[in-house]
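Undergrad: Right, I'll just put the structure down here and ask away after.
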Amino acid sequence: MHFSSVTGQEGIKEQLIKMADSGKVPHAMLFTEEPGFGALPLVLSFVQYLSCPNKRDNDSCGTCPSCSKISKMIHPDLHFVFPVNTASSGGAKPVSDNFISVWREAVSADPYLTEQEFYEKCGIENKLGNISVAEASSIFRKLSMTAFEGGNKYMVVWLAERMNQEASNKLLKLMEEPPDKTFLFLVSQSPDRILTTILSRCRVVKVPPIELKKLASKVAGEFALEEQDAALWARISGGSVSRVRKVISESMESSAFDTLITSLVNSSLSKDLSRVILVWEELAQLSREKQKEFCYSLLEYIRRIYILSLGSHELSFVPASREETFRIWASRINPAFYEKGIEHVNAALGDIERNVNSKYIFADLGNRFFLSL
Ligand SMILES: [Zn+2]
């Protein structure tokens, strides 16, 4: 993969290129991100850049034998580890190599794929994958061999937070005495679940949200959207490729949280505080995942009402059955609300991630909607 094929992340690309050009690449690096920010595509382009003998214009050439093998993920000195599981209960513990062809195909098709999408491709969608101690032993074996092509060896560990304790300890040993010319690149979406002893041995690169302009132009192309619409989607997604795709596809379907959202908006508009409280009390009882889904649905509703208020009915994707309600909202909501509303919901999402008490999060969100709607 070329750096130029990675959406946005110009700052990180620059850092990585500088690091490679100065020959000061640490033996162990951890790329942290939220799903869809592009840590894996960055790592893949970094490996390709590091190995390419014909680098030019701050990118790998893409055509030499090394680039060609790395881009197909078949280079003998590039190893991958990712969480896996068995489709049925029992049986031998699988390792990444059992799923390597699924991995190559899935990542080639979409390097931004989510954990869940990958499990579906592996046929293990009802189970959580993990990185077992058997896997860690295989990492050990692979990295202690001499490089097949005489250059560097690379091990990419996708979703390192799925390593169990034993696997983590084994990996730690490897990090303490790294074999020569060997690079470990870890990707994690929950670095708080990685052993601190591992974290302390890694150079941490915090991958930020994708620049909204870059993300907007990517989805404008992918979904044939108008520039203005794509920009709003990108903003709602918070800079994530997987989230922006999800909200776009969900916008075609009616939301599972229809009743709660309708009640929240209507009771805030009519200044009925007791009903607002009933809504947040109900939300506070949902699981953390459901609460996140609710927030994304709410963002999607705000987007639709906003688009409708601008007079772009076709772009609002409002189902015919809900059109009347949305039109009333669009006419009653103060235009100054939209931006604030998105900020409030994003703040709630951040609080859910930080495990803030649910009652506090939704009382606060309800109160802010009540006051600003
Ligand atoms: Zn090359």
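Letters for chains follow the order of the structure tokens (A, B, ...), residue numbers begin at 1 for each chain, and ligand numbers begin at 1 in the order shown.
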Produce as a PDB file with C-alpha atoms, in the first residue's frame the set of residues near ligand 1, where near means within 6 Å with only C-alpha atoms and all ligand atoms considered.
TA:
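Below is the file result-v4.pdb, written as the result:
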ATOM      1  CA  CYS A  52      11.378  -0.283  -0.906  1.00  0.00           C
ATOM      2  CA  PRO A  53      14.815   0.264  -2.494  1.00  0.00           C
ATOM      3  CA  ASN A  54      13.404   2.816  -4.974  1.00  0.00           C
ATOM      4  CA  SER A  60       7.376   3.647  -1.938  1.00  0.00           C
ATOM      5  CA  CYS A  61       7.698   2.931  -5.664  1.00  0.00           C
ATOM      6  CA  GLY A  62       4.913   0.354  -5.717  1.00  0.00           C
ATOM      7  CA  THR A  63       6.458  -1.633  -8.561  1.00  0.00           C
ATOM      8  CA  CYS A  64       9.686  -3.228  -7.277  1.00  0.00           C
ATOM      9  CA  SER A  66       9.481  -5.898  -2.511  1.00  0.00           C
ATOM     10  CA  CYS A  67       6.577  -3.437  -2.944  1.00  0.00           C
TER      11      CYS A  67
END
Undergrad: Going by DSSP on the backbone, which bits of stretch 155-318 of chain A are strand (DSSP E or B)? Write them as a list in words, please.
TA: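 Here are the strand (DSSP E or B) residues of stretch 155-318 of chain A: Met155, Val156, Val157, Trp158, Met163, Thr182, Phe183, Leu184, Phe185, Leu186, Val187, Ser188, Arg203, Val204, Val205 and Lys206 of chain A.
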Undergrad: Do you know which residues are at most 10 Å from A:Ala284 counting only C-alpha atoms, after dropping those on the same chain fewer than 5 positions away, and could you put them as a short mmCIF file (atom, residue, chain, number, x, y, z; two decimals) with C-alpha atoms, in the first residue's frame?
TA:
data_model
loop_
_atom_site.label_atom_id
_atom_site.label_comp_id
_atom_site.auth_asym_id
_atom_site.auth_seq_id
_atom_site.Cartn_x
_atom_site.Cartn_y
_atom_site.Cartn_z
CA VAL A 279 -36.07 9.42 28.34
CA GLN A 291 -25.89 3.75 24.34
CA ASN A 357 -21.60 7.04 35.05
CA SER A 358 -24.48 6.54 32.56
CA LYS A 359 -26.99 8.46 34.64
CA TYR A 360 -24.76 11.49 34.66
CA ILE A 361 -24.08 11.27 30.89
CA PHE A 362 -27.72 11.09 29.87
CA ALA A 363 -29.03 13.51 32.50
#
Undergrad: With a distance cut-off of 8 Å and only C-alpha atoms, select the neighbouring residues of A:Arg304, excluding the residue or stretch itself and same-chain residues fewer than 2 positions from it, and output the selection as a compact mmCIF listing (two decimals) with N, CA and C atoms, in the first residue's frame.
TA:
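Below is the file that was written, around-v3.txt:
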# COMPACT_ATOMS: atom_id res chain seq x y z
N GLU A 300 -27.41 11.06 13.53
CA GLU A 300 -27.99 10.88 12.20
C GLU A 300 -29.31 11.65 12.08
N TYR A 301 -30.11 11.63 13.12
CA TYR A 301 -31.37 12.40 13.11
C TYR A 301 -31.09 13.89 12.97
N ILE A 302 -30.11 14.36 13.73
CA ILE A 302 -29.79 15.79 13.67
C ILE A 302 -29.38 16.16 12.25
N TYR A 306 -31.32 18.74 9.85
CA TYR A 306 -30.56 19.89 9.35
C TYR A 306 -30.65 19.99 7.83
N ILE A 307 -30.43 18.85 7.15
CA ILE A 307 -30.48 18.84 5.67
C ILE A 307 -31.87 19.28 5.21
N LEU A 308 -32.87 18.76 5.91
CA LEU A 308 -34.25 19.09 5.54
C LEU A 308 -34.50 20.59 5.74
N SER A 316 -31.93 14.18 2.51
CA SER A 316 -32.15 13.95 3.94
C SER A 316 -32.48 12.49 4.24
N PHE A 317 -32.79 11.70 3.22
CA PHE A 317 -33.11 10.28 3.38
C PHE A 317 -34.16 10.04 4.47
N VAL A 318 -35.15 10.91 4.54
CA VAL A 318 -36.20 10.72 5.54
C VAL A 318 -37.26 9.80 4.95
Undergrad: Take atom CA of A:Glu34 and atom CA of A:Ser287 and report the distance between them in Å, one decimal.
TA: 19.5 Å
Undergrad: Enter the distance from atom CA of A:Ala347 to atom CA of A:Arg235, in Å, rounded to one decimal.
TA: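 Result for atom CA of A:Ala347 versus atom CA of A:Arg235: 13.7 Å, one decimal.
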Undergrad: Show which residues sit within 9 Å of stretch 157-160 of chain A, as a list of chain:residue names. Count only C-alpha atoms, and ignore same-chain residues fewer than 3 positions away.
TA: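 Close residues of stretch 157-160 of chain A: A:Leu30, A:Leu40, A:His79, A:Phe80, A:Val81, A:Phe82, A:Pro83, A:Glu115, A:Ile131, A:Met163, A:Ser168, A:Leu184, A:Phe185, A:Leu186, A:Val187, A:Ser188, A:Gln189, A:Ser190, A:Pro191, A:Arg193, A:Ile194.
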Undergrad: Go through A:Gly350, A:Gly8, A:Gly341, A:Pro94 and flag the residue nearest A:Ser372, using only C-alpha atoms for the distances.
TA: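 Among A:Gly350, A:Gly8, A:Gly341, A:Pro94, it is A:Gly341 that comes nearest to A:Ser372.
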Undergrad: Could you check the closest approach to A:Tyr338 for each of A:Trp280, A:Phe37, A:Tyr49, A:Phe369 and tell me which residue wins, using only C-alpha atoms?
TA: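 The answer is A:Phe369, which sits nearest to A:Tyr338.
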Undergrad: Could you write out, as an mmCIF file with N, CA and C atoms, in the first residue's frame, all the residues of stretch 61-151 of chain A that DSSP marks as helix (DSSP H, G or I)?
TA:
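In the end it all went to out27.cif:
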data_model
loop_
_atom_site.group_PDB
_atom_site.id
_atom_site.type_symbol
_atom_site.label_atom_id
_atom_site.label_comp_id
_atom_site.auth_asym_id
_atom_site.auth_seq_id
_atom_site.Cartn_x
_atom_site.Cartn_y
_atom_site.Cartn_z
ATOM 1 N N PRO A 65 10.007 -5.609 -6.723
ATOM 2 C CA PRO A 65 9.545 -6.899 -6.182
ATOM 3 C C PRO A 65 9.112 -6.820 -4.726
ATOM 4 N N SER A 66 9.834 -6.003 -3.918
ATOM 5 C CA SER A 66 9.481 -5.898 -2.511
ATOM 6 C C SER A 66 8.104 -5.247 -2.360
ATOM 7 N N CYS A 67 7.883 -4.118 -3.021
ATOM 8 C CA CYS A 67 6.577 -3.437 -2.944
ATOM 9 C C CYS A 67 5.463 -4.360 -3.402
ATOM 10 N N SER A 68 5.743 -5.070 -4.484
ATOM 11 C CA SER A 68 4.702 -5.926 -5.043
ATOM 12 C C SER A 68 4.307 -7.025 -4.046
ATOM 13 N N LYS A 69 5.317 -7.633 -3.397
ATOM 14 C CA LYS A 69 5.006 -8.709 -2.434
ATOM 15 C C LYS A 69 4.357 -8.160 -1.168
ATOM 16 N N ILE A 70 4.829 -6.979 -0.736
ATOM 17 C CA ILE A 70 4.249 -6.406 0.488
ATOM 18 C C ILE A 70 2.808 -5.973 0.235
ATOM 19 N N SER A 71 2.561 -5.402 -0.932
ATOM 20 C CA SER A 71 1.190 -4.937 -1.180
ATOM 21 C C SER A 71 0.213 -6.114 -1.256
ATOM 22 N N SER A 96 -3.361 -17.266 13.677
ATOM 23 C CA SER A 96 -3.603 -16.396 12.526
ATOM 24 C C SER A 96 -3.340 -17.090 11.191
ATOM 25 N N ASP A 97 -2.283 -17.923 11.158
ATOM 26 C CA ASP A 97 -1.933 -18.581 9.894
ATOM 27 C C ASP A 97 -3.096 -19.392 9.322
ATOM 28 N N ASN A 98 -3.985 -19.909 10.192
ATOM 29 C CA ASN A 98 -5.138 -20.654 9.695
ATOM 30 C C ASN A 98 -6.085 -19.768 8.878
ATOM 31 N N PHE A 99 -6.001 -18.468 9.128
ATOM 32 C CA PHE A 99 -6.924 -17.545 8.456
ATOM 33 C C PHE A 99 -6.198 -16.564 7.541
ATOM 34 N N ILE A 100 -4.937 -16.895 7.197
ATOM 35 C CA ILE A 100 -4.131 -15.896 6.496
ATOM 36 C C ILE A 100 -4.716 -15.530 5.120
ATOM 37 N N SER A 101 -5.320 -16.507 4.433
ATOM 38 C CA SER A 101 -5.859 -16.137 3.109
ATOM 39 C C SER A 101 -7.092 -15.255 3.242
ATOM 40 N N VAL A 102 -7.893 -15.495 4.292
ATOM 41 C CA VAL A 102 -9.055 -14.618 4.540
ATOM 42 C C VAL A 102 -8.548 -13.206 4.843
ATOM 43 N N TRP A 103 -7.498 -13.157 5.670
ATOM 44 C CA TRP A 103 -6.913 -11.865 6.056
ATOM 45 C C TRP A 103 -6.444 -11.087 4.828
ATOM 46 N N ARG A 104 -5.645 -11.780 3.961
ATOM 47 C CA ARG A 104 -5.106 -11.104 2.774
ATOM 48 C C ARG A 104 -6.227 -10.561 1.901
ATOM 49 N N GLU A 105 -7.235 -11.386 1.705
ATOM 50 C CA GLU A 105 -8.327 -10.977 0.826
ATOM 51 C C GLU A 105 -9.107 -9.803 1.435
ATOM 52 N N ALA A 106 -9.398 -9.913 2.740
ATOM 53 C CA ALA A 106 -10.215 -8.882 3.394
ATOM 54 C C ALA A 106 -9.484 -7.549 3.470
ATOM 55 N N VAL A 107 -8.185 -7.599 3.848
ATOM 56 C CA VAL A 107 -7.437 -6.351 4.009
ATOM 57 C C VAL A 107 -7.123 -5.725 2.651
ATOM 58 N N SER A 108 -6.886 -6.569 1.627
ATOM 59 C CA SER A 108 -6.654 -6.008 0.297
ATOM 60 C C SER A 108 -7.908 -5.291 -0.175
ATOM 61 N N ALA A 109 -9.075 -5.889 0.104
ATOM 62 C CA ALA A 109 -10.321 -5.280 -0.346
ATOM 63 C C ALA A 109 -10.600 -3.999 0.431
ATOM 64 N N GLU A 115 -13.133 -4.783 13.185
ATOM 65 C CA GLU A 115 -12.923 -6.069 13.837
ATOM 66 C C GLU A 115 -14.097 -7.003 13.524
ATOM 67 N N GLN A 116 -15.311 -6.487 13.681
ATOM 68 C CA GLN A 116 -16.501 -7.300 13.455
ATOM 69 C C GLN A 116 -16.597 -7.772 12.002
ATOM 70 N N GLU A 117 -16.276 -6.889 11.072
ATOM 71 C CA GLU A 117 -16.313 -7.273 9.651
ATOM 72 C C GLU A 117 -15.332 -8.404 9.381
ATOM 73 N N PHE A 118 -14.172 -8.332 10.037
ATOM 74 C CA PHE A 118 -13.183 -9.388 9.831
ATOM 75 C C PHE A 118 -13.690 -10.717 10.386
ATOM 76 N N TYR A 119 -14.281 -10.687 11.584
ATOM 77 C CA TYR A 119 -14.808 -11.925 12.181
ATOM 78 C C TYR A 119 -15.879 -12.535 11.273
ATOM 79 N N GLU A 120 -16.695 -11.672 10.670
ATOM 80 C CA GLU A 120 -17.729 -12.197 9.759
ATOM 81 C C GLU A 120 -17.089 -12.921 8.591
ATOM 82 N N LYS A 121 -16.005 -12.356 8.056
ATOM 83 C CA LYS A 121 -15.336 -13.000 6.927
ATOM 84 C C LYS A 121 -14.711 -14.333 7.346
ATOM 85 N N CYS A 122 -14.290 -14.416 8.606
ATOM 86 C CA CYS A 122 -13.690 -15.658 9.113
ATOM 87 C C CYS A 122 -14.775 -16.671 9.493
ATOM 88 N N VAL A 133 -1.536 -17.916 23.382
ATOM 89 C CA VAL A 133 -0.118 -18.150 23.644
ATOM 90 C C VAL A 133 0.501 -18.986 22.514
ATOM 91 N N ALA A 134 -0.324 -19.825 21.872
ATOM 92 C CA ALA A 134 0.172 -20.606 20.728
ATOM 93 C C ALA A 134 0.620 -19.640 19.634
ATOM 94 N N GLU A 135 -0.140 -18.572 19.499
ATOM 95 C CA GLU A 135 0.186 -17.553 18.506
ATOM 96 C C GLU A 135 1.514 -16.879 18.866
ATOM 97 N N ALA A 136 1.662 -16.557 20.140
ATOM 98 C CA ALA A 136 2.880 -15.877 20.578
ATOM 99 C C ALA A 136 4.105 -16.769 20.344
ATOM 100 N N SER A 137 3.929 -18.092 20.540
ATOM 101 C CA SER A 137 5.058 -18.999 20.297
ATOM 102 C C SER A 137 5.414 -18.985 18.821
ATOM 103 N N SER A 138 4.390 -18.901 17.983
ATOM 104 C CA SER A 138 4.663 -18.901 16.553
ATOM 105 C C SER A 138 5.355 -17.588 16.142
ATOM 106 N N ILE A 139 5.016 -16.489 16.815
ATOM 107 C CA ILE A 139 5.711 -15.212 16.550
ATOM 108 C C ILE A 139 7.203 -15.388 16.868
ATOM 109 N N PHE A 140 7.445 -16.002 18.012
ATOM 110 C CA PHE A 140 8.813 -16.239 18.464
ATOM 111 C C PHE A 140 9.617 -16.996 17.419
ATOM 112 N N ARG A 141 8.994 -18.095 16.949
ATOM 113 C CA ARG A 141 9.678 -18.941 15.951
ATOM 114 C C ARG A 141 9.987 -18.145 14.690
ATOM 115 N N LYS A 142 8.968 -17.436 14.201
ATOM 116 C CA LYS A 142 9.136 -16.730 12.928
ATOM 117 C C LYS A 142 10.209 -15.650 13.015
ATOM 118 N N LEU A 143 10.210 -14.932 14.139
ATOM 119 C CA LEU A 143 11.144 -13.817 14.232
ATOM 120 C C LEU A 143 12.556 -14.261 14.579
ATOM 121 N N SER A 144 12.701 -15.511 15.076
ATOM 122 C CA SER A 144 14.071 -15.927 15.372
ATOM 123 C C SER A 144 14.744 -16.535 14.138
#
Undergrad: Compare A:Ile328, A:Val247, A:Leu232, A:Ile333 by their minimum atom-to-atom distance to A:Ser297, counting only C-alpha atoms, and give me the closest one.
TA: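 Residue with the minimum atom-to-atom distance to A:Ser297: A:Val247.
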Undergrad: Skipping near chain neighbours, those fewer than 2 positions away, what residues fall within 9 Å of A:Glu211 using only C-alpha atoms, listed as a PDB file with C-alpha atoms, in the first residue's frame?
TA:
ATOM      1  CA  THR A   7      -6.851   8.841   3.536  1.00  0.00           C
ATOM      2  CA  GLY A   8      -5.498  11.965   5.244  1.00  0.00           C
ATOM      3  CA  GLN A   9      -3.167  11.512   8.264  1.00  0.00           C
ATOM      4  CA  GLU A  10      -0.572  13.787   6.659  1.00  0.00           C
ATOM      5  CA  PRO A 208      -5.867  11.056  15.275  1.00  0.00           C
ATOM      6  CA  PRO A 209      -9.245  11.335  13.501  1.00  0.00           C
ATOM      7  CA  LYS A 213     -11.961  17.468   4.302  1.00  0.00           C
ATOM      8  CA  LYS A 214      -9.987  14.395   3.231  1.00  0.00           C
ATOM      9  CA  LEU A 215     -12.604  12.033   4.634  1.00  0.00           C
ATOM     10  CA  ALA A 216     -15.404  13.993   2.970  1.00  0.00           C
ATOM     11  CA  ALA A 234     -17.620  13.271   7.727  1.00  0.00           C
ATOM     12  CA  GLY A 239     -13.135  11.396  11.282  1.00  0.00           C
TER      13      GLY A 239
END
Undergrad: Counting only C-alpha atoms, what is within 10 Å of A:Ile277, bar same-chain residues fewer than 5 positions away, as a VMD selection string?
TA: chain A and resid 264 267 272 282 to 283 362 to 363 366 to 367 370
Undergrad: Just the number, please: distance in Å from atom CA of A:Ala220 to atom CA of A:Gly11, one decimal.
TA: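 Atom-to-atom, atom CA of A:Ala220 to atom CA of A:Gly11, that is 22.7 Å.
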